[in-house]
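**Q** Quick one: structure below, then a few questions.
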Amino acid sequence: MTDSLVEFSFAFGLLALIFLPLERLFPAREQGVLRKESGTDFLFFAGQYLLWTAPVVAALTWLVGSVEHLPLAGLRAGTQALPLWVQIIAVILLCDVSIYWAHRWSHRNKFLWRFHRVHHTSERLDFVAAYREHPFDNLYTRTVENLPAILLGFPLHVLAGFAVFRGLWAVYIHSNVALEPGPLRMLLGSPRLHHWHHEVHHHGRVNFANLSPLMDLLFGTYHDPGHMPERYGIAAKIPHGYVSQLVDPLLPKRRQG
């Protein structure tokens, strides 16, 4: 337990060392380091790191072992014979397509929205708010985005390396940072694009992509008015405490916003 707490403290400290200076030097909007629900989001970070990551890893490990028994040996051998740079590009594209449609579906399906809406209850965004995610929603997202690459037999070190990068990128696009990719803005996402996904009126309709906005451009969900939104969150009134947000989606006969 002590080792886990040390690793948890190191991870949070490293993220703070990276993103706090960016949020102070290039703020998307003026807000303090500590805000109204910083404590709730910190508990989500702690819960995800200390409790909920292990079941997700166990599920993905089981999935990797299970697909070994499928009649895909020839296809998987061909995948593993590809040059590393081709594997990396293919994994990025597969994950982006998968997460786009999984994310979009989580806004359309009433059952999935019960859990995903927890992530949208943040009324202010920063790097810690990225971790406000129900464990079921996290399991669903990690499974869907990795399933095609696992089925095709991409090496685990390629998947693991990209997972680390994708995780940091997810933190970045939630951060209170105004930096933009300039001429690469149609290839790489930015905090501004994802902040509009969290805007109280537009959420569920725009900017579903995680890494590249190409999917949004292709399927008509790209939205960039050139400035940051004013309001975030959801219209429905639900409890904002950590335990309440874990339990609320599990309760029967609740009216879902």
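How things are named: the first chain in the structure tokens is A, the next is B, and so on; residues count from 1 in each chain; ligands count from 1 in the order shown.
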Residues near A:Leu25, anyone? I mean within 10 Å using only C-alpha atoms, not counting same-chain ones fewer than 3 positions away, as a list in words.
**A** Phe19, Leu20, Pro21, Leu22, Ala28, Val177, Ala178 and Leu179 of chain A
**Q** Residues as selected, C-alpha atoms, written as a tab-separated table (two decimals), in the first residue's frame, can you do that?
**A**
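Done, and the output landed in result06.tsv:
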```tsv
chain	number	residue	atom	x	y	z
A	19	PHE	CA	0.35	21.28	-16.49
A	20	LEU	CA	0.24	23.84	-13.69
A	21	PRO	CA	2.87	26.07	-15.35
A	22	LEU	CA	1.07	25.74	-18.70
A	28	ALA	CA	-7.73	29.59	-21.49
A	177	VAL	CA	-4.60	26.00	-21.59
A	178	ALA	CA	-5.08	28.25	-24.62
A	179	LEU	CA	-2.26	26.82	-26.75
```
**Q** Compile the contact shell of stretch 109-119 of chain A as a list of chain:residue names: residues with an atom at most 8 Å away, counting only C-alpha atoms, same-chain residues fewer than 2 positions apart removed.
**A**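 Those residues are A:Trp105, A:Ser106, A:His107, A:Thr121, A:Ser122, A:Ala130, A:Tyr131, A:Arg132, A:Glu133, A:His134, A:Phe136, A:Asp137, A:Ile234, A:Gln245, A:Pro249, A:Gln256.
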**Q** Only N, CA and C atoms, please: the residues just picked out, written as a compact mmCIF listing (two decimals), in the first residue's frame.
**A**
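Saved the output as part.txt:
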```txt
# COMPACT_ATOMS: atom_id res chain seq x y z
N TRP A 105 -21.51 7.33 -29.36
CA TRP A 105 -22.59 6.45 -28.93
C TRP A 105 -22.90 6.62 -27.45
N SER A 106 -21.90 6.94 -26.64
CA SER A 106 -22.13 7.12 -25.21
C SER A 106 -22.98 8.35 -24.90
N HIS A 107 -23.09 9.25 -25.89
CA HIS A 107 -23.99 10.40 -25.75
C HIS A 107 -25.39 10.12 -26.29
N THR A 121 -20.15 16.58 -15.85
CA THR A 121 -20.70 17.42 -14.79
C THR A 121 -19.73 18.50 -14.33
N SER A 122 -18.48 18.46 -14.76
CA SER A 122 -17.52 19.50 -14.38
C SER A 122 -17.96 20.85 -14.94
N ALA A 130 -9.90 16.12 -16.02
CA ALA A 130 -9.85 15.02 -17.01
C ALA A 130 -10.13 13.67 -16.37
N TYR A 131 -9.90 13.55 -15.07
CA TYR A 131 -10.04 12.26 -14.40
C TYR A 131 -11.43 12.03 -13.83
N ARG A 132 -12.34 12.99 -14.01
CA ARG A 132 -13.71 12.79 -13.54
C ARG A 132 -14.40 11.83 -14.52
N GLU A 133 -14.37 10.57 -14.19
CA GLU A 133 -14.86 9.53 -15.09
C GLU A 133 -15.33 8.34 -14.27
N HIS A 134 -16.55 7.89 -14.53
CA HIS A 134 -17.06 6.73 -13.81
C HIS A 134 -16.25 5.49 -14.19
N PHE A 136 -17.09 2.46 -14.80
CA PHE A 136 -17.70 1.71 -15.91
C PHE A 136 -17.43 2.41 -17.24
N ASP A 137 -17.55 3.72 -17.25
CA ASP A 137 -17.28 4.49 -18.47
C ASP A 137 -15.82 4.32 -18.89
N ILE A 234 -23.70 20.09 -17.49
CA ILE A 234 -24.94 19.57 -18.05
C ILE A 234 -26.11 20.27 -17.37
N GLN A 245 -21.59 10.40 -7.25
CA GLN A 245 -21.47 10.24 -8.70
C GLN A 245 -21.11 8.81 -9.09
N PRO A 249 -25.44 6.57 -11.14
CA PRO A 249 -25.80 5.85 -12.38
C PRO A 249 -26.30 4.43 -12.16
N GLN A 256 -32.85 10.18 -16.21
CA GLN A 256 -31.52 10.56 -16.70
C GLN A 256 -31.62 11.84 -17.50
```
**Q** Of the candidates A:Arg205, A:Leu187, A:His195, A:Leu5, which one gets nearest to A:Leu51 if we count only C-alpha atoms?
**A**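 Smallest separation from A:Leu51 among the options: A:Leu5.
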**Q** Just the residues within 10 Å of A:His223, please, counting only C-alpha atoms, with nothing from its chain fewer than 5 positions along; format it as a list in words.
**A**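 The neighbour list is Arg192, Leu193, His194, Trp196, His197, His202, Arg205, Val206, Asn207, Pro213, Asp216 and Leu217 of chain A.
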**Q** With all heavy atoms retained, export the selected residues as a JSON list (two decimals), in the first residue's frame.
**A**
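Writing the result to again_32.json gives the following:
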```
[["chain", "number", "residue", "atom", "x", "y", "z"],
["A", 192, "ARG", "N", -9.20, 23.90, -26.84],
["A", 192, "ARG", "CA", -10.38, 24.67, -27.24],
["A", 192, "ARG", "C", -11.45, 23.78, -27.87],
["A", 192, "ARG", "O", -12.64, 23.89, -27.56],
["A", 192, "ARG", "CB", -9.99, 25.79, -28.20],
["A", 192, "ARG", "CG", -11.16, 26.74, -28.51],
["A", 192, "ARG", "CD", -10.68, 27.94, -29.27],
["A", 192, "ARG", "NE", -10.37, 27.63, -30.65],
["A", 192, "ARG", "CZ", -9.53, 28.31, -31.42],
["A", 192, "ARG", "NH1", -8.89, 29.35, -30.91],
["A", 192, "ARG", "NH2", -9.32, 27.98, -32.67],
["A", 193, "LEU", "N", -11.04, 22.88, -28.75],
["A", 193, "LEU", "CA", -12.00, 21.98, -29.38],
["A", 193, "LEU", "C", -12.72, 21.12, -28.34],
["A", 193, "LEU", "O", -13.94, 20.96, -28.38],
["A", 193, "LEU", "CB", -11.31, 21.09, -30.41],
["A", 193, "LEU", "CG", -10.78, 21.75, -31.69],
["A", 193, "LEU", "CD1", -10.17, 20.70, -32.60],
["A", 193, "LEU", "CD2", -11.88, 22.52, -32.41],
["A", 194, "HIS", "N", -11.94, 20.57, -27.43],
["A", 194, "HIS", "CA", -12.57, 19.67, -26.46],
["A", 194, "HIS", "C", -13.39, 20.43, -25.42],
["A", 194, "HIS", "O", -14.39, 19.91, -24.91],
["A", 194, "HIS", "CB", -11.53, 18.80, -25.76],
["A", 194, "HIS", "CG", -12.14, 17.60, -25.09],
["A", 194, "HIS", "ND1", -12.69, 16.55, -25.79],
["A", 194, "HIS", "CD2", -12.34, 17.32, -23.77],
["A", 194, "HIS", "CE1", -13.18, 15.66, -24.94],
["A", 194, "HIS", "NE2", -12.99, 16.11, -23.71],
["A", 196, "TRP", "N", -15.27, 22.86, -26.11],
["A", 196, "TRP", "CA", -16.59, 23.03, -26.71],
["A", 196, "TRP", "C", -17.42, 21.74, -26.62],
["A", 196, "TRP", "O", -18.65, 21.79, -26.59],
["A", 196, "TRP", "CB", -16.48, 23.49, -28.17],
["A", 196, "TRP", "CG", -16.31, 24.98, -28.23],
["A", 196, "TRP", "CD1", -15.18, 25.68, -28.48],
["A", 196, "TRP", "CD2", -17.35, 25.95, -28.01],
["A", 196, "TRP", "NE1", -15.42, 27.03, -28.42],
["A", 196, "TRP", "CE2", -16.75, 27.23, -28.14],
["A", 196, "TRP", "CE3", -18.70, 25.88, -27.73],
["A", 196, "TRP", "CZ2", -17.46, 28.41, -27.99],
["A", 196, "TRP", "CZ3", -19.42, 27.06, -27.56],
["A", 196, "TRP", "CH2", -18.81, 28.31, -27.70],
["A", 197, "HIS", "N", -16.77, 20.60, -26.56],
["A", 197, "HIS", "CA", -17.50, 19.35, -26.33],
["A", 197, "HIS", "C", -18.13, 19.36, -24.94],
["A", 197, "HIS", "O", -19.18, 18.73, -24.73],
["A", 197, "HIS", "CB", -16.56, 18.16, -26.48],
["A", 197, "HIS", "CG", -17.24, 16.84, -26.21],
["A", 197, "HIS", "ND1", -18.17, 16.28, -27.05],
["A", 197, "HIS", "CD2", -17.12, 15.99, -25.16],
["A", 197, "HIS", "CE1", -18.61, 15.15, -26.54],
["A", 197, "HIS", "NE2", -17.99, 14.94, -25.39],
["A", 202, "HIS", "N", -23.67, 22.50, -26.13],
["A", 202, "HIS", "CA", -23.17, 21.76, -27.29],
["A", 202, "HIS", "C", -22.75, 20.32, -26.98],
["A", 202, "HIS", "O", -22.53, 19.54, -27.90],
["A", 202, "HIS", "CB", -21.95, 22.47, -27.91],
["A", 202, "HIS", "CG", -22.32, 23.67, -28.71],
["A", 202, "HIS", "ND1", -22.56, 24.90, -28.13],
["A", 202, "HIS", "CD2", -22.49, 23.85, -30.05],
["A", 202, "HIS", "CE1", -22.87, 25.78, -29.07],
["A", 202, "HIS", "NE2", -22.85, 25.17, -30.24],
["A", 205, "ARG", "N", -22.99, 16.82, -29.16],
["A", 205, "ARG", "CA", -23.21, 17.07, -30.57],
["A", 205, "ARG", "C", -21.93, 17.40, -31.34],
["A", 205, "ARG", "O", -21.92, 17.31, -32.57],
["A", 205, "ARG", "CB", -24.20, 18.23, -30.76],
["A", 205, "ARG", "CG", -25.57, 17.97, -30.18],
["A", 205, "ARG", "CD", -26.60, 18.93, -30.75],
["A", 205, "ARG", "NE", -26.30, 20.31, -30.48],
["A", 205, "ARG", "CZ", -26.67, 20.97, -29.38],
["A", 205, "ARG", "NH1", -27.35, 20.34, -28.44],
["A", 205, "ARG", "NH2", -26.37, 22.23, -29.21],
["A", 206, "VAL", "N", -20.86, 17.78, -30.65],
["A", 206, "VAL", "CA", -19.67, 18.25, -31.37],
["A", 206, "VAL", "C", -18.39, 17.68, -30.75],
["A", 206, "VAL", "O", -18.34, 17.32, -29.57],
["A", 206, "VAL", "CB", -19.59, 19.80, -31.37],
["A", 206, "VAL", "CG1", -20.82, 20.39, -32.05],
["A", 206, "VAL", "CG2", -19.44, 20.36, -29.96],
["A", 207, "ASN", "N", -17.35, 17.60, -31.59],
["A", 207, "ASN", "CA", -15.96, 17.35, -31.15],
["A", 207, "ASN", "C", -15.82, 16.12, -30.26],
["A", 207, "ASN", "O", -15.40, 16.21, -29.11],
["A", 207, "ASN", "CB", -15.40, 18.59, -30.44],
["A", 207, "ASN", "CG", -15.39, 19.83, -31.33],
["A", 207, "ASN", "OD1", -15.61, 19.74, -32.54],
["A", 207, "ASN", "ND2", -15.13, 20.97, -30.76],
["A", 213, "PRO", "N", -8.93, 15.80, -34.94],
["A", 213, "PRO", "CA", -10.30, 16.19, -35.31],
["A", 213, "PRO", "C", -10.74, 15.67, -36.67],
["A", 213, "PRO", "O", -11.81, 16.03, -37.14],
["A", 213, "PRO", "CB", -10.23, 17.72, -35.30],
["A", 213, "PRO", "CG", -8.82, 18.04, -35.64],
["A", 213, "PRO", "CD", -7.99, 16.94, -35.01],
["A", 216, "ASP", "N", -14.18, 14.14, -36.69],
["A", 216, "ASP", "CA", -15.23, 15.16, -36.57],
["A", 216, "ASP", "C", -15.43, 15.89, -37.89],
["A", 216, "ASP", "O", -16.57, 16.19, -38.29],
["A", 216, "ASP", "CB", -14.88, 16.16, -35.46],
["A", 216, "ASP", "CG", -15.02, 15.57, -34.08],
["A", 216, "ASP", "OD1", -16.13, 15.11, -33.75],
["A", 216, "ASP", "OD2", -14.04, 15.56, -33.33],
["A", 217, "LEU", "N", -14.35, 16.18, -38.58],
["A", 217, "LEU", "CA", -14.45, 16.84, -39.88],
["A", 217, "LEU", "C", -15.16, 15.93, -40.89],
["A", 217, "LEU", "O", -16.01, 16.39, -41.66],
["A", 217, "LEU", "CB", -13.05, 17.20, -40.39],
["A", 217, "LEU", "CG", -12.35, 18.37, -39.68],
["A", 217, "LEU", "CD1", -10.86, 18.37, -40.00],
["A", 217, "LEU", "CD2", -12.98, 19.69, -40.11]]
```
**Q** Can you tell me, as a list of chain:residue names, what residues are no more than 12 Å from A:Ser244 when counting only C-alpha atoms, ignoring any on the same chain fewer than 6 positions away?
**A**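 Result of the neighbour search: A:Thr40, A:Phe44, A:Val118, A:His134, A:Ile238, A:Leu250, A:Leu251.
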**Q** Among stretch 213-246 of chain A, which residues carry a DSSP assignment of helix (DSSP H, G or I), reported as a PyMOL selection string?
**A** chain A and resi 214-219+242-246
**Q** Just to confirm, what's the straight-line distance from atom CA of A:Leu60 to atom CA of A:Thr143 in Å (one decimal)?
**A**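 Between atom CA of A:Leu60 and atom CA of A:Thr143 the gap works out to 6.8 Å.
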**Q** If you take only C-alpha atoms and a cut-off of 12 Å, which residues of stretch 89-199 of chain A touch stretch 61-73 of chain A, and what are their nearest atom pairs and distances in Å to one decimal, in chain and number order, as CSV?
**A**
```
residue,atom,partner,partner_atom,distance
A:Arg142,CA,A:Leu63,CA,11.6
A:Thr143,CA,A:Leu63,CA,8.8
A:Val144,CA,A:Leu63,CA,11.3
A:Asn146,CA,A:Leu63,CA,9.8
A:Leu147,CA,A:Leu63,CA,8.2
A:Pro148,CA,A:Val67,CA,10.8
A:Ala149,CA,A:Val64,CA,10.1
A:Ile150,CA,A:Val64,CA,6.3
A:Leu151,CA,A:Val67,CA,6.3
A:Leu152,CA,A:Leu72,CA,7.7
A:Gly153,CA,A:Ala73,CA,8.6
A:Phe154,CA,A:Val64,CA,10.4
A:Pro155,CA,A:Val64,CA,10.6
A:Leu156,CA,A:Val64,CA,9.1
A:Leu159,CA,A:Val64,CA,11.4
A:Ala160,CA,A:Thr61,CA,11.8
```
**Q** For the selection you just gave me, I'd like the residues written to a file as a compact mmCIF listing (two decimals), in the first residue's frame, keeping N, CA, C and O atoms.
**A**
```
# COMPACT_ATOMS: atom_id res chain seq x y z
N ARG A 142 -11.78 2.20 -22.59
CA ARG A 142 -10.50 1.53 -22.79
C ARG A 142 -10.67 0.24 -23.60
O ARG A 142 -9.82 -0.12 -24.41
N THR A 143 -11.77 -0.47 -23.38
CA THR A 143 -11.99 -1.71 -24.11
C THR A 143 -12.25 -1.45 -25.59
O THR A 143 -11.62 -2.07 -26.46
N VAL A 144 -13.15 -0.53 -25.88
CA VAL A 144 -13.53 -0.26 -27.27
C VAL A 144 -12.35 0.29 -28.07
O VAL A 144 -12.11 -0.10 -29.21
N ASN A 146 -9.20 -0.15 -27.65
CA ASN A 146 -8.10 -1.09 -27.84
C ASN A 146 -8.49 -2.38 -28.54
O ASN A 146 -7.62 -3.10 -29.05
N LEU A 147 -9.79 -2.68 -28.59
CA LEU A 147 -10.24 -3.97 -29.11
C LEU A 147 -9.79 -4.24 -30.56
O LEU A 147 -9.25 -5.33 -30.83
N PRO A 148 -9.95 -3.30 -31.51
CA PRO A 148 -9.52 -3.61 -32.89
C PRO A 148 -8.03 -3.91 -32.99
O PRO A 148 -7.63 -4.85 -33.68
N ALA A 149 -7.21 -3.12 -32.28
CA ALA A 149 -5.76 -3.34 -32.34
C ALA A 149 -5.37 -4.66 -31.70
O ALA A 149 -4.45 -5.36 -32.16
N ILE A 150 -6.07 -5.05 -30.62
CA ILE A 150 -5.80 -6.34 -29.97
C ILE A 150 -6.19 -7.48 -30.89
O ILE A 150 -5.44 -8.46 -31.05
N LEU A 151 -7.34 -7.39 -31.53
CA LEU A 151 -7.79 -8.43 -32.45
C LEU A 151 -6.81 -8.62 -33.61
O LEU A 151 -6.54 -9.75 -34.03
N LEU A 152 -6.26 -7.51 -34.09
CA LEU A 152 -5.34 -7.58 -35.24
C LEU A 152 -3.93 -7.98 -34.83
O LEU A 152 -3.07 -8.15 -35.69
N GLY A 153 -3.67 -8.10 -33.54
CA GLY A 153 -2.39 -8.62 -33.08
C GLY A 153 -1.25 -7.62 -33.04
O GLY A 153 -0.09 -8.01 -33.12
N PHE A 154 -1.55 -6.34 -32.89
CA PHE A 154 -0.46 -5.37 -32.76
C PHE A 154 0.32 -5.64 -31.48
O PHE A 154 -0.26 -6.00 -30.46
N PRO A 155 1.64 -5.50 -31.52
CA PRO A 155 2.46 -5.80 -30.34
C PRO A 155 2.03 -4.98 -29.13
O PRO A 155 1.67 -3.81 -29.25
N LEU A 156 2.10 -5.60 -27.97
CA LEU A 156 1.65 -4.94 -26.75
C LEU A 156 2.48 -3.70 -26.42
O LEU A 156 1.95 -2.73 -25.85
N LEU A 159 0.95 -0.84 -28.28
CA LEU A 159 -0.30 -0.44 -27.65
C LEU A 159 -0.06 0.29 -26.33
O LEU A 159 -0.70 1.31 -26.04
N ALA A 160 0.87 -0.23 -25.53
CA ALA A 160 1.15 0.38 -24.23
C ALA A 160 1.76 1.77 -24.39
O ALA A 160 1.38 2.72 -23.69
```
**Q** Using only C-alpha atoms for the distances, tell me which of A:Gly47, A:Pro135, A:Pro191, A:Gly39 is nearest to A:Met228.
**A**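 Looking at the shortest contact to A:Met228, the residue is A:Pro191.
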**Q** Tell me which of A:Leu43, A:Gly74, A:Glu23, A:Leu17 sits closest to A:His240, counting only C-alpha atoms.
**A** A:Leu43
**Q** Show me, as JSON, numbers by chain, the residues that have an atom within 8 Å of A:Tyr172 when counting only C-alpha atoms, minus same-chain residues fewer than 2 positions from it.
**A** {"A": [19, 127, 168, 169, 170, 174, 175, 177, 190, 191]}
**Q** Generate the output file for the selected residues, N, CA and C atoms, as a tab-separated table (two decimals), in the first residue's frame.
**A**
```
chain	number	residue	atom	x	y	z
A	19	PHE	N	1.53	20.52	-16.06
A	19	PHE	CA	0.35	21.28	-16.49
A	19	PHE	C	0.09	22.56	-15.69
A	127	PHE	N	-6.54	20.30	-15.76
A	127	PHE	CA	-5.95	18.97	-15.99
A	127	PHE	C	-6.47	17.92	-15.03
A	168	LEU	N	-1.90	11.14	-21.69
A	168	LEU	CA	-1.39	12.50	-21.48
A	168	LEU	C	-2.11	13.50	-22.37
A	169	TRP	N	-2.42	13.08	-23.60
A	169	TRP	CA	-3.13	13.97	-24.51
A	169	TRP	C	-4.53	14.28	-23.98
A	170	ALA	N	-5.19	13.28	-23.40
A	170	ALA	CA	-6.52	13.49	-22.82
A	170	ALA	C	-6.46	14.51	-21.68
A	174	HIS	N	-8.18	18.61	-21.76
A	174	HIS	CA	-9.07	19.08	-20.70
A	174	HIS	C	-8.47	20.25	-19.93
A	175	SER	N	-7.19	20.48	-20.07
A	175	SER	CA	-6.50	21.49	-19.26
A	175	SER	C	-6.97	22.90	-19.61
A	177	VAL	N	-5.73	25.50	-20.80
A	177	VAL	CA	-4.60	26.00	-21.59
A	177	VAL	C	-5.12	26.49	-22.94
A	190	SER	N	-7.05	20.19	-29.79
A	190	SER	CA	-6.58	21.23	-28.87
A	190	SER	C	-7.56	21.33	-27.71
A	191	PRO	N	-7.14	21.96	-26.61
A	191	PRO	CA	-8.08	22.17	-25.51
A	191	PRO	C	-9.34	22.91	-25.95
```
**Q** So how many Å separate atom CA of A:Asn176 and atom CA of A:Ser4, to one decimal?
**A** 28.2 Å
